[in-house]
Amino acid sequence: MKTTLLSCALALGCTLAADSLQAADRITGHHFATRSEAMAPNAMAATSQPLATQVALDIMQQGGNAIDAAIAANAVLGLVEPTGNGIGGDLFAIVWDADSERLYGLNASGRSPQSLTRDYFIDNGYDSIPARGVLPLSVPGAVDGWFELHDRFGALPMAEVLAPAIEYARQGFPVTEVIAYYFQRNGEVLKDQPGFAEVFIKDGSMPQKGERFRNPDLANTYQMLAEQGRDAFYEGEIAETIGDFVQQHGGFLSYEDLAAHESTWVDPVSSSYRGYDLWELPPNTQGIAAQQILNILENFDVAEMGFDSPEYVHHFVEAKKLAFEDRAKYYSDPAFNEVPVEGLLDKGYAKQRAKLIDPNKPAAAVEPGNPPTEGDTIYLTTADSDGNMVSLIQSNYRGMGSGVTPEGLGFVLQNRGELFHLDPSHNNVYEPGKRPFHTIIPAFVTKDGKPLMSYGVMGGATQPQMHAQILINIIDFGMNLQEAGDAPRILHTGSGQPTGGQMTDGGTVHLENGFSKHTRRELIKMGHTLQEAVGPFGGYQAIWKNHQEDVYYGASESRKDGHAAGY
């Protein structure tokens, strides 16, 4: 009997390990769901860190609206999650304004230094723009984005909006597990960058899990913004400090570059998918890549294929390849290039591209199309009792960005300029005063003209792939808001890179645990290259408006420290 029981136990253990089952056995929903959706009648916030979510709710309970709450949460995240965002980076947002009943888009991304030219890189032997240090710097746009949003929609004074972040920066906050992990990873590569160690390294190490981390320099910077407004950052003491510090260390970003900065209000662009309208911001972001993927997949019966099927994974990957080659060729700063957005989103063009998908084998090489010519990051979302909703994303680009940390300010500068190309024939070629191609994208969904869902997924080129997958999970596979984010994800790498280079070998498919052995085996038999990956599958937050019951649903990322809550 003992031998039989032992054998059964061993067999059961092997089966559990092989199938990667969830540790928890929920009584409702899909087996991969980590928790239920959050629900609340008045307001909702979903961010990647519980303290930021609570601050957003506190702001709304004090009389602020969703816009105030989003800014307050972003300020807290710049402190507690500097591994993904901060005021040295850029910002994009989509706002549903309940009064005017329309969407507004804000592009708060910065431009390259006016005094730095492509010739500098060529003359100094660079094949590409480096990832770290002073050369990939562009103007930080986030602060101007805050004040543009606040001036247009805010309800509380900015001093009240920034007060919680200032308090946490002075008193300290406990570092959470995921952020501690990313602190260590960033510290390994950035410890020698100018000013970095003075803010983030204590007694030879980066902040540890549970450690109470304080950033008094950032508190002082936030206090200056609260008292003096955005001009302190772009025309005052902060701008002077940034310009002097960068140029002392051989860089080109200057006071004049910051003084010339301004954000741009843009019209979000929409594309329908099975009766739902997905809204994204136009280039220089990559948002329309998600719409291109969905436009192509709309030509196939995805629901009939089933979620965990080789047919669905194959068609998704092939659609992604087609969209990303267009992304590599066309997406860039529209002030410098004619970007055929309407043509790229044309349903007829998508139907033509869909015909290029072979249902039985992956494409080894994909060319960009000819559309008709007419016509590491944080994501957060908030919604208030008046019906305003905010979809906001903000980033340093690579984790903690360039690593360059101007003295006395408490934040790192982004390295977004790394994404410029040095090939003069490329749309995204480096030019002075130009916005680089941007990976960070907020999303919004409407149906029949009503606001339905604000959502986003962090993670570089992962983002448009996951924007599409989230909607497919909800619309085609019937998942709820939380399940749509918890479901195992598909990530394809190796094609359509913004810095150039076309796919020549089919790229690589990464599947999260949860896809069956059958699906993996069949994909390999079709000719796909599969590879394990840890960590690149993004971080998700979402809010859904149930108009029938007049309540909000919230969902947040189980892969990070995400938290959705309301009242």
# chains A, B, ... in the order shown; residues from 1 in each chain; ligands from 1
>>> residues_around(residues="His547 in chain A", least_positions_apart="2", cutoff="10 Å", atoms="only C-alpha atoms", output="list of chain:residue names")
A:Lys450, A:Pro451, A:Leu452, A:Trp544, A:Lys545, A:Glu549, A:Asp550, A:Val551, A:Tyr552
>>> write_last_selection(atoms="C-alpha atoms", output="compact mmCIF listing (two decimals), in the first residue's frame")
# COMPACT_ATOMS: atom_id res chain seq x y z
CA LYS A 450 -20.25 55.34 -25.10
CA PRO A 451 -17.07 54.95 -23.00
CA LEU A 452 -16.57 51.29 -22.21
CA TRP A 544 -14.70 48.79 -17.54
CA LYS A 545 -17.90 50.86 -17.31
CA GLU A 549 -25.86 49.00 -13.61
CA ASP A 550 -23.85 52.26 -13.50
CA VAL A 551 -20.82 50.63 -11.86
CA TYR A 552 -17.13 50.28 -12.62
>>> closest_atom_pairs(of="range 309-385 of chain A", to="range 98-110 of chain A", cutoff="12 Å", atoms="only C-alpha atoms", output="JSON lines")
{"residue": "A:Asp333", "atom": "CA", "partner": "A:Ser109", "partner_atom": "CA", "distance": 10.5}
{"residue": "A:Ala383", "atom": "CA", "partner": "A:Ala98", "partner_atom": "CA", "distance": 10.5}
{"residue": "A:Asp384", "atom": "CA", "partner": "A:Ala98", "partner_atom": "CA", "distance": 9.8}
{"residue": "A:Ser385", "atom": "CA", "partner": "A:Ala98", "partner_atom": "CA", "distance": 10.0}
>>> write_last_selection(atoms="all heavy atoms", output="compact mmCIF listing (two decimals), in the first residue's frame")
# COMPACT_ATOMS: atom_id res chain seq x y z
N ASP A 333 7.82 60.50 -36.27
CA ASP A 333 7.30 61.83 -35.94
C ASP A 333 6.61 62.42 -37.17
O ASP A 333 7.24 62.67 -38.20
CB ASP A 333 8.47 62.72 -35.51
CG ASP A 333 8.00 64.07 -34.98
OD1 ASP A 333 6.83 64.45 -35.20
OD2 ASP A 333 8.82 64.76 -34.35
N ALA A 383 -11.15 56.41 -12.97
CA ALA A 383 -12.51 56.78 -13.38
C ALA A 383 -13.23 57.36 -12.18
O ALA A 383 -13.06 56.88 -11.05
CB ALA A 383 -13.26 55.56 -13.91
N ASP A 384 -14.03 58.41 -12.40
CA ASP A 384 -14.68 59.07 -11.26
C ASP A 384 -16.20 59.00 -11.34
O ASP A 384 -16.78 58.46 -12.29
CB ASP A 384 -14.18 60.52 -11.13
CG ASP A 384 -14.53 61.40 -12.33
OD1 ASP A 384 -15.58 61.18 -12.97
OD2 ASP A 384 -13.75 62.34 -12.63
N SER A 385 -16.84 59.57 -10.34
CA SER A 385 -18.29 59.47 -10.20
C SER A 385 -19.03 60.28 -11.25
O SER A 385 -20.23 60.07 -11.47
CB SER A 385 -18.72 59.93 -8.80
OG SER A 385 -18.27 61.26 -8.56
>>> atom_distance(atom1="CA of Ser115 in chain A", atom2="CA of Pro432 in chain A")
6.9 Å
>>> residues_around(residues="Ser112 in chain A", least_positions_apart="6", cutoff="10 Å", atoms="only C-alpha atoms", output="list in words")
Leu135, Pro136, Leu137, Ser138, Val139, Pro140, Phe252, Leu253, Asp257, Arg416, Gly417, Phe420, Tyr430, Glu431, Pro432, Gly433, Lys434, Arg435 and Pro436 of chain A
>>> closest_atom_pairs(of="range 93-161 of chain A", to="range 166-170 of chain A", cutoff="12 Å", atoms="only C-alpha atoms", output="CSV")
residue,atom,partner,partner_atom,distance
A:Met158,CA,A:Ile166,CA,11.9
A:Ala159,CA,A:Ile166,CA,9.7
A:Glu160,CA,A:Ile166,CA,10.0
A:Val161,CA,A:Ile166,CA,9.7
>>> residues_around(residues="range 303-305 of chain A", least_positions_apart="3", cutoff="10 Å", atoms="only C-alpha atoms", output="MDAnalysis selection string")
chainID A and resid 300 308:313 315 472:473 475:478
>>> closest_residue(among="A:Leu491, A:Gly456, A:Gly154, A:Ala40", to="Ala69 in chain A", atoms="only C-alpha atoms")
A:Gly154
>>> closest_residue(among="A:Pro82, A:Gly89, A:Gly410, A:Gly527", to="Arg111 in chain A", atoms="only C-alpha atoms")
A:Gly89
>>> atom_distance(atom1="CA of Glu342 in chain A", atom2="CA of His426 in chain A")
20.6 Å
>>> closest_residue(among="A:Ser391, A:Ser254, A:Ser425, A:Thr176", to="Tyr234 in chain A", atoms="only C-alpha atoms")
A:Ser254
>>> closest_residue(among="A:Asn337, A:Thr529, A:Pro488, A:Asn546", to="Asn513 in chain A", atoms="only C-alpha atoms")
A:Pro488
>>> closest_residue(among="A:Gly243, A:Gly566, A:Gly63, A:Gly204", to="Ala155 in chain A", atoms="only C-alpha atoms")
A:Gly63
>>> closest_residue(among="A:Glu407, A:Asp151, A:Glu532, A:Asp90", to="Phe196 in chain A", atoms="only C-alpha atoms")
A:Glu407
>>> select_by_dssp(residues="range 212-443 of chain A", states="strand (DSSP E or B)", output="ChimeraX atom specification")
/A:212-213,264-266,269-273,276-280,285,378-383,389-395,421,429,438,443
>>> write_last_selection(atoms="C-alpha atoms", output="short mmCIF file (atom, residue, chain, number, x, y, z; two decimals), in the first residue's frame")
data_model
loop_
_atom_site.label_atom_id
_atom_site.label_comp_id
_atom_site.auth_asym_id
_atom_site.auth_seq_id
_atom_site.Cartn_x
_atom_site.Cartn_y
_atom_site.Cartn_z
CA ARG A 212 11.91 52.00 3.70
CA PHE A 213 13.28 54.06 0.84
CA THR A 264 0.61 68.32 -28.37
CA TRP A 265 -3.11 67.65 -28.10
CA VAL A 266 -3.97 65.08 -30.75
CA VAL A 269 -7.67 57.36 -33.97
CA SER A 270 -10.18 54.49 -33.95
CA SER A 271 -10.64 51.19 -35.66
CA SER A 272 -13.54 48.81 -35.10
CA TYR A 273 -13.20 45.16 -34.12
CA TYR A 276 -16.14 47.58 -30.60
CA ASP A 277 -14.09 50.71 -31.34
CA LEU A 278 -10.48 50.62 -30.17
CA TRP A 279 -8.89 54.07 -29.81
CA GLU A 280 -5.14 54.64 -29.88
CA THR A 285 3.54 56.10 -30.92
CA ILE A 378 3.92 52.12 -15.99
CA TYR A 379 0.29 52.21 -17.01
CA LEU A 380 -2.57 53.49 -14.87
CA THR A 381 -6.23 54.21 -15.32
CA THR A 382 -8.77 56.11 -13.22
CA ALA A 383 -12.51 56.78 -13.38
CA MET A 389 -12.01 58.21 -17.40
CA VAL A 390 -8.25 58.48 -17.91
CA SER A 391 -5.93 56.08 -19.72
CA LEU A 392 -2.34 57.13 -18.96
CA ILE A 393 1.05 55.62 -19.67
CA GLN A 394 4.45 56.95 -18.65
CA SER A 395 8.00 55.67 -19.02
CA HIS A 421 17.93 55.20 -36.48
CA VAL A 429 16.40 58.66 -38.57
CA HIS A 438 7.58 55.70 -29.01
CA ALA A 443 -5.80 52.56 -25.12
#
